[in-house]
Amino acid sequence: MPKESDFFSSKNTVRKLTEADLIQVNTYLEPIKAFARTTYSSIYVIDYEKKGFDYVSDNPLFLCGNTADEVKQMGYAFYFKYVPKADLDLLLKINTIGFEFYETIPVENRLKYTITYDFLLRIPEGKAILINQKLTPMFLTSTGKIWKAICVVSLSSEEKSGNIKIYSKGENKIFKYDLKQNLWRTIQKVGLTNREKEVLHYSIRGYTINEIANEIFLSPDTIKFHRRKLFEKLEVNNITEAIAYATNNRLI
């Protein structure tokens, strides 16, 4: 039977913090709180030394009918209560393979990497929604262990749980985990043209096809062409899915 402690890998045990470690975190939550007020995503911060949450944003998407303070107090018990058993096992596996991967990264580069994955979350209406979670280290200890990490939670653009990927800022490759073969595979990031990015940016702002055409002095048919190419590249069916995919995978 899984336990909350299973989420805290022995490979990343934070036992003793130095003065240099502690200096890193003076007032660090204030900019995170400011960011949380400007986004539709849910934000929370994990403390691996305390084995709990430092901060949970007040966003209903992630809270499952609880207040932010209640979820913060629950810590990892939240997952045991609201994540279906199969996906809870998946999260534990992601925890294991994620820390194993981070052990292979030079300490000086560990803050550059983000792991992203999808899992089901039960909501009060009795339904389960598929959400995407991105975890990025914020602070390392002097020995290179992940001390604190920020998580950004949003609705997933995928169809099922899993989709485990790790990427690094500035690199044109993604490490994708194959759950059937139990190994990491390296894939290239999808590349978007400047015009495709432009169409996405205007779509995010709520512009229609005709309005985008007027803004960038092209015909509506040309905008439709760029949208079709965009959907083919991202393997999505509509502009809403394209925006979600591009945002989740940092393509824009």
# chains A, B, ... in the order shown; residues from 1 in each chain; ligands from 1

call {"tool": "residues_around", "arguments": {"residues": "stretch 69-79 of chain A", "least_positions_apart": "2", "cutoff": "7 Å", "atoms": "only C-alpha atoms", "output": "mmCIF file with C-alpha atoms, in the first residue's frame"}}
result
data_model
loop_
_atom_site.group_PDB
_atom_site.id
_atom_site.type_symbol
_atom_site.label_atom_id
_atom_site.label_comp_id
_atom_site.auth_asym_id
_atom_site.auth_seq_id
_atom_site.Cartn_x
_atom_site.Cartn_y
_atom_site.Cartn_z
ATOM 1 C CA GLU A 4 2.910 9.619 1.663
ATOM 2 C CA GLY A 52 5.044 19.148 2.478
ATOM 3 C CA PHE A 53 3.809 22.287 0.744
ATOM 4 C CA TYR A 55 2.495 27.460 -0.612
ATOM 5 C CA VAL A 56 -0.740 26.637 -2.454
ATOM 6 C CA LEU A 63 -8.301 22.393 -4.706
ATOM 7 C CA ASN A 66 -10.976 22.670 -0.304
ATOM 8 C CA THR A 67 -9.421 26.010 0.593
ATOM 9 C CA LYS A 81 -7.669 11.449 -1.314
ATOM 10 C CA TYR A 82 -8.316 12.829 -4.794
ATOM 11 C CA VAL A 83 -6.183 10.858 -7.278
#

call {"tool": "closest_atom_pairs", "arguments": {"of": "stretch 49-79 of chain A", "to": "stretch 133-155 of chain A", "cutoff": "9 Å", "atoms": "only C-alpha atoms", "output": "JSON lines"}}
result
{"residue": "A:Glu49", "atom": "CA", "partner": "A:Trp147", "partner_atom": "CA", "distance": 6.2}
{"residue": "A:Asp54", "atom": "CA", "partner": "A:Lys148", "partner_atom": "CA", "distance": 8.5}
{"residue": "A:Leu61", "atom": "CA", "partner": "A:Ser154", "partner_atom": "CA", "distance": 7.6}
{"residue": "A:Phe62", "atom": "CA", "partner": "A:Val153", "partner_atom": "CA", "distance": 7.1}

call {"tool": "write_last_selection", "arguments": {"atoms": "C-alpha atoms", "output": "compact mmCIF listing (two decimals), in the first residue's frame"}}
result
# COMPACT_ATOMS: atom_id res chain seq x y z
CA GLU A 49 13.04 19.02 3.67
CA ASP A 54 5.21 25.75 1.42
CA LEU A 61 -8.82 24.03 -10.40
CA PHE A 62 -6.48 22.23 -8.04

call {"tool": "closest_residue", "arguments": {"among": "A:Val25, A:Val45, A:Ala244, A:Leu179", "to": "A:Lys93", "atoms": "only C-alpha atoms"}}
result
A:Leu179

call {"tool": "atom_distance", "arguments": {"atom1": "atom CA of A:Asp89", "atom2": "atom CA of A:Ile131"}}
result
15.8 Å

call {"tool": "select_by_dssp", "arguments": {"residues": "stretch 125-234 of chain A", "states": "alpha helix (DSSP H)", "output": "MDAnalysis selection string"}}
result
chainID A and resid 194:204 209:216 220:234

call {"tool": "write_last_selection", "arguments": {"atoms": "N, CA and C atoms", "output": "JSON list (two decimals), in the first residue's frame"}}
result
[["chain", "number", "residue", "atom", "x", "y", "z"],
["A", 194, "ASN", "N", 7.38, 31.51, -37.45],
["A", 194, "ASN", "CA", 7.00, 32.80, -36.84],
["A", 194, "ASN", "C", 5.54, 33.11, -37.11],
["A", 195, "ARG", "N", 5.04, 32.74, -38.31],
["A", 195, "ARG", "CA", 3.65, 33.02, -38.64],
["A", 195, "ARG", "C", 2.71, 32.17, -37.77],
["A", 196, "GLU", "N", 3.08, 30.92, -37.55],
["A", 196, "GLU", "CA", 2.26, 30.05, -36.70],
["A", 196, "GLU", "C", 2.23, 30.57, -35.26],
["A", 197, "LYS", "N", 3.36, 31.05, -34.79],
["A", 197, "LYS", "CA", 3.40, 31.64, -33.44],
["A", 197, "LYS", "C", 2.53, 32.90, -33.38],
["A", 198, "GLU", "N", 2.57, 33.67, -34.47],
["A", 198, "GLU", "CA", 1.78, 34.90, -34.53],
["A", 198, "GLU", "C", 0.29, 34.58, -34.46],
["A", 199, "VAL", "N", -0.13, 33.55, -35.21],
["A", 199, "VAL", "CA", -1.54, 33.13, -35.18],
["A", 199, "VAL", "C", -1.92, 32.68, -33.78],
["A", 200, "LEU", "N", -1.04, 31.94, -33.12],
["A", 200, "LEU", "CA", -1.31, 31.50, -31.76],
["A", 200, "LEU", "C", -1.45, 32.68, -30.80],
["A", 201, "HIS", "N", -0.52, 33.62, -30.89],
["A", 201, "HIS", "CA", -0.55, 34.77, -29.98],
["A", 201, "HIS", "C", -1.86, 35.56, -30.12],
["A", 202, "TYR", "N", -2.31, 35.78, -31.35],
["A", 202, "TYR", "CA", -3.56, 36.50, -31.54],
["A", 202, "TYR", "C", -4.76, 35.67, -31.08],
["A", 203, "SER", "N", -4.67, 34.36, -31.28],
["A", 203, "SER", "CA", -5.77, 33.47, -30.85],
["A", 203, "SER", "C", -5.89, 33.47, -29.33],
["A", 204, "ILE", "N", -4.76, 33.50, -28.64],
["A", 204, "ILE", "CA", -4.78, 33.57, -27.18],
["A", 204, "ILE", "C", -5.51, 34.82, -26.71],
["A", 209, "ILE", "N", -10.52, 34.50, -36.85],
["A", 209, "ILE", "CA", -9.71, 34.35, -38.06],
["A", 209, "ILE", "C", -9.70, 35.65, -38.86],
["A", 210, "ASN", "N", -10.88, 36.26, -39.05],
["A", 210, "ASN", "CA", -10.95, 37.50, -39.82],
["A", 210, "ASN", "C", -10.20, 38.64, -39.14],
["A", 211, "GLU", "N", -10.28, 38.69, -37.82],
["A", 211, "GLU", "CA", -9.58, 39.75, -37.08],
["A", 211, "GLU", "C", -8.07, 39.57, -37.16],
["A", 212, "ILE", "N", -7.60, 38.32, -37.10],
["A", 212, "ILE", "CA", -6.16, 38.07, -37.24],
["A", 212, "ILE", "C", -5.71, 38.48, -38.64],
["A", 213, "ALA", "N", -6.51, 38.12, -39.64],
["A", 213, "ALA", "CA", -6.18, 38.48, -41.03],
["A", 213, "ALA", "C", -6.04, 39.99, -41.18],
["A", 214, "ASN", "N", -6.95, 40.74, -40.57],
["A", 214, "ASN", "CA", -6.87, 42.21, -40.65],
["A", 214, "ASN", "C", -5.63, 42.75, -39.96],
["A", 215, "GLU", "N", -5.27, 42.15, -38.83],
["A", 215, "GLU", "CA", -4.14, 42.65, -38.04],
["A", 215, "GLU", "C", -2.81, 42.45, -38.75],
["A", 216, "ILE", "N", -2.66, 41.32, -39.44],
["A", 216, "ILE", "CA", -1.35, 41.03, -40.04],
["A", 216, "ILE", "C", -1.39, 41.09, -41.58],
["A", 220, "PRO", "N", -8.15, 35.78, -44.90],
["A", 220, "PRO", "CA", -8.64, 34.76, -43.97],
["A", 220, "PRO", "C", -8.25, 33.35, -44.39],
["A", 221, "ASP", "N", -8.23, 33.09, -45.71],
["A", 221, "ASP", "CA", -7.85, 31.76, -46.19],
["A", 221, "ASP", "C", -6.40, 31.44, -45.83],
["A", 222, "THR", "N", -5.54, 32.45, -45.86],
["A", 222, "THR", "CA", -4.13, 32.23, -45.48],
["A", 222, "THR", "C", -4.01, 31.91, -43.99],
["A", 223, "ILE", "N", -4.80, 32.60, -43.18],
["A", 223, "ILE", "CA", -4.81, 32.31, -41.74],
["A", 223, "ILE", "C", -5.31, 30.90, -41.49],
["A", 224, "LYS", "N", -6.33, 30.49, -42.23],
["A", 224, "LYS", "CA", -6.85, 29.12, -42.10],
["A", 224, "LYS", "C", -5.78, 28.10, -42.48],
["A", 225, "PHE", "N", -4.99, 28.42, -43.51],
["A", 225, "PHE", "CA", -3.91, 27.53, -43.93],
["A", 225, "PHE", "C", -2.89, 27.35, -42.80],
["A", 226, "HIS", "N", -2.48, 28.47, -42.22],
["A", 226, "HIS", "CA", -1.48, 28.40, -41.13],
["A", 226, "HIS", "C", -2.04, 27.64, -39.92],
["A", 227, "ARG", "N", -3.31, 27.81, -39.65],
["A", 227, "ARG", "CA", -3.94, 27.08, -38.54],
["A", 227, "ARG", "C", -3.95, 25.58, -38.81],
["A", 228, "ARG", "N", -4.28, 25.19, -40.05],
["A", 228, "ARG", "CA", -4.28, 23.76, -40.39],
["A", 228, "ARG", "C", -2.89, 23.15, -40.23],
["A", 229, "LYS", "N", -1.87, 23.87, -40.69],
["A", 229, "LYS", "CA", -0.49, 23.37, -40.55],
["A", 229, "LYS", "C", -0.13, 23.26, -39.08],
["A", 230, "LEU", "N", -0.58, 24.21, -38.29],
["A", 230, "LEU", "CA", -0.34, 24.20, -36.85],
["A", 230, "LEU", "C", -0.98, 22.99, -36.20],
["A", 231, "PHE", "N", -2.24, 22.70, -36.55],
["A", 231, "PHE", "CA", -2.95, 21.56, -35.99],
["A", 231, "PHE", "C", -2.25, 20.25, -36.36],
["A", 232, "GLU", "N", -1.76, 20.17, -37.60],
["A", 232, "GLU", "CA", -1.06, 18.95, -38.05],
["A", 232, "GLU", "C", 0.23, 18.75, -37.26],
["A", 233, "LYS", "N", 0.98, 19.81, -37.06],
["A", 233, "LYS", "CA", 2.25, 19.71, -36.33],
["A", 233, "LYS", "C", 2.03, 19.27, -34.89],
["A", 234, "LEU", "N", 1.02, 19.86, -34.25],
["A", 234, "LEU", "CA", 0.80, 19.60, -32.83],
["A", 234, "LEU", "C", -0.11, 18.39, -32.60]]

call {"tool": "residues_around", "arguments": {"residues": "A:Ser156", "least_positions_apart": "4", "cutoff": "7 Å", "atoms": "only C-alpha atoms", "output": "VMD selection string"}}
result
chain A and resid 118 130 to 132

call {"tool": "closest_residue", "arguments": {"among": "A:Tyr48, A:Tyr117, A:Phe175, A:Tyr207", "to": "A:Glu158", "atoms": "only C-alpha atoms"}}
result
A:Tyr117

call {"tool": "residues_around", "arguments": {"residues": "A:Leu91", "least_positions_apart": "2", "cutoff": "9 Å", "atoms": "only C-alpha atoms", "output": "list in words"}}
result
Phe7, Ala86, Asp87, Leu88, Asp89, Lys93, Ile94, Asn95, Thr96, Tyr117, Phe119 and Gly162 of chain A

call {"tool": "write_last_selection", "arguments": {"atoms": "C-alpha atoms", "output": "CSV table (one decimal), in the first residue's frame"}}
result
chain,number,residue,atom,x,y,z
A,7,PHE,CA,6.8,10.5,-2.6
A,86,ALA,CA,-3.9,3.8,-10.9
A,87,ASP,CA,-2.8,7.4,-11.3
A,88,LEU,CA,-1.5,7.5,-7.7
A,89,ASP,CA,0.8,4.6,-8.6
A,93,LYS,CA,6.6,5.9,-10.5
A,94,ILE,CA,7.2,9.5,-11.9
A,95,ASN,CA,8.6,10.5,-8.6
A,96,THR,CA,11.1,7.6,-8.7
A,117,TYR,CA,3.2,14.8,-16.8
A,119,PHE,CA,-2.9,12.5,-14.3
A,162,GLY,CA,1.2,9.7,-18.4

call {"tool": "closest_residue", "arguments": {"among": "A:Phe80, A:Tyr28, A:Tyr245, A:Phe35", "to": "A:Asp6", "atoms": "only C-alpha atoms"}}
result
A:Phe80

call {"tool": "closest_residue", "arguments": {"among": "A:Asn249, A:Phe99, A:Gly206, A:Asn238", "to": "A:Lys165", "atoms": "only C-alpha atoms"}}
result
A:Asn249

call {"tool": "closest_atom_pairs", "arguments": {"of": "stretch 161-236 of chain A", "to": "stretch 109-113 of chain A", "cutoff": "6 Å", "atoms": "only C-alpha atoms", "output": "CSV"}}
result
residue,atom,partner,partner_atom,distance
A:Tyr167,CA,A:Tyr113,CA,5.7
A:Ser168,CA,A:Tyr113,CA,4.4
A:Lys169,CA,A:Lys112,CA,5.8

call {"tool": "write_last_selection", "arguments": {"atoms": "C-alpha atoms", "output": "PDB file, in the first residue's frame"}}
result
ATOM      1  CA  TYR A 167      13.059  19.385 -20.953  1.00  0.00           C
ATOM      2  CA  SER A 168      15.708  21.996 -20.324  1.00  0.00           C
ATOM      3  CA  LYS A 169      15.588  25.683 -21.105  1.00  0.00           C
TER       4      LYS A 169
END

call {"tool": "select_by_dssp", "arguments": {"residues": "stretch 12-82 of chain A", "states": "strand (DSSP E or B)", "output": "list of chain:residue names"}}
result
A:Ser42, A:Ile43, A:Tyr44, A:Val45, A:Ile46, A:Asp47, A:Gly52, A:Phe53, A:Asp54, A:Tyr55, A:Val56

call {"tool": "write_last_selection", "arguments": {"atoms": "N, CA and C atoms", "output": "PDB file, in the first residue's frame"}}
result
ATOM      1  N   SER A  42      -2.902  26.798 -11.425  1.00  0.00           N
ATOM      2  CA  SER A  42      -2.685  26.678  -9.993  1.00  0.00           C
ATOM      3  C   SER A  42      -1.191  26.577  -9.727  1.00  0.00           C
ATOM      4  N   ILE A  43      -0.767  27.169  -8.635  1.00  0.00           N
ATOM      5  CA  ILE A  43       0.641  27.180  -8.278  1.00  0.00           C
ATOM      6  C   ILE A  43       0.800  26.600  -6.878  1.00  0.00           C
ATOM      7  N   TYR A  44       1.773  25.731  -6.701  1.00  0.00           N
ATOM      8  CA  TYR A  44       2.133  25.347  -5.349  1.00  0.00           C
ATOM      9  C   TYR A  44       3.626  25.080  -5.266  1.00  0.00           C
ATOM     10  N   VAL A  45       4.148  25.126  -4.051  1.00  0.00           N
ATOM     11  CA  VAL A  45       5.581  24.963  -3.818  1.00  0.00           C
ATOM     12  C   VAL A  45       5.795  23.791  -2.871  1.00  0.00           C
ATOM     13  N   ILE A  46       6.654  22.862  -3.281  1.00  0.00           N
ATOM     14  CA  ILE A  46       6.997  21.697  -2.454  1.00  0.00           C
ATOM     15  C   ILE A  46       8.269  21.986  -1.681  1.00  0.00           C
ATOM     16  N   ASP A  47       8.289  21.618  -0.413  1.00  0.00           N
ATOM     17  CA  ASP A  47       9.494  21.672   0.412  1.00  0.00           C
ATOM     18  C   ASP A  47       9.892  20.228   0.718  1.00  0.00           C
ATOM     19  N   GLY A  52       6.387  18.586   2.586  1.00  0.00           N
ATOM     20  CA  GLY A  52       5.044  19.148   2.478  1.00  0.00           C
ATOM     21  C   GLY A  52       5.036  20.324   1.534  1.00  0.00           C
ATOM     22  N   PHE A  53       3.967  21.117   1.602  1.00  0.00           N
ATOM     23  CA  PHE A  53       3.809  22.287   0.744  1.00  0.00           C
ATOM     24  C   PHE A  53       4.162  23.558   1.512  1.00  0.00           C
ATOM     25  N   ASP A  54       4.934  24.415   0.872  1.00  0.00           N
ATOM     26  CA  ASP A  54       5.212  25.746   1.415  1.00  0.00           C
ATOM     27  C   ASP A  54       4.099  26.728   1.069  1.00  0.00           C
ATOM     28  N   TYR A  55       3.490  26.502  -0.105  1.00  0.00           N
ATOM     29  CA  TYR A  55       2.495  27.460  -0.612  1.00  0.00           C
ATOM     30  C   TYR A  55       1.549  26.748  -1.570  1.00  0.00           C
ATOM     31  N   VAL A  56       0.274  27.114  -1.510  1.00  0.00           N
ATOM     32  CA  VAL A  56      -0.740  26.637  -2.454  1.00  0.00           C
ATOM     33  C   VAL A  56      -1.564  27.846  -2.871  1.00  0.00           C
TER      34      VAL A  56
END

call {"tool": "residues_around", "arguments": {"residues": "A:Arg185", "least_positions_apart": "5", "cutoff": "8 Å", "atoms": "only C-alpha atoms", "output": "list of chain:residue names"}}
result
A:Phe175, A:Lys176, A:Tyr177, A:Asp178

call {"tool": "write_last_selection", "arguments": {"atoms": "N, CA and C atoms", "output": "short mmCIF file (atom, residue, chain, number, x, y, z; two decimals), in the first residue's frame"}}
result
data_model
loop_
_atom_site.label_atom_id
_atom_site.label_comp_id
_atom_site.auth_asym_id
_atom_site.auth_seq_id
_atom_site.Cartn_x
_atom_site.Cartn_y
_atom_site.Cartn_z
N PHE A 175 13.20 14.80 -23.32
CA PHE A 175 13.30 13.41 -22.88
C PHE A 175 11.90 12.93 -22.53
N LYS A 176 11.42 11.92 -23.25
CA LYS A 176 10.07 11.40 -23.04
C LYS A 176 10.16 9.98 -22.51
N TYR A 177 9.41 9.70 -21.43
CA TYR A 177 9.51 8.38 -20.82
C TYR A 177 8.53 7.41 -21.46
N ASP A 178 9.05 6.26 -21.86
CA ASP A 178 8.24 5.19 -22.45
C ASP A 178 7.80 4.27 -21.32
#
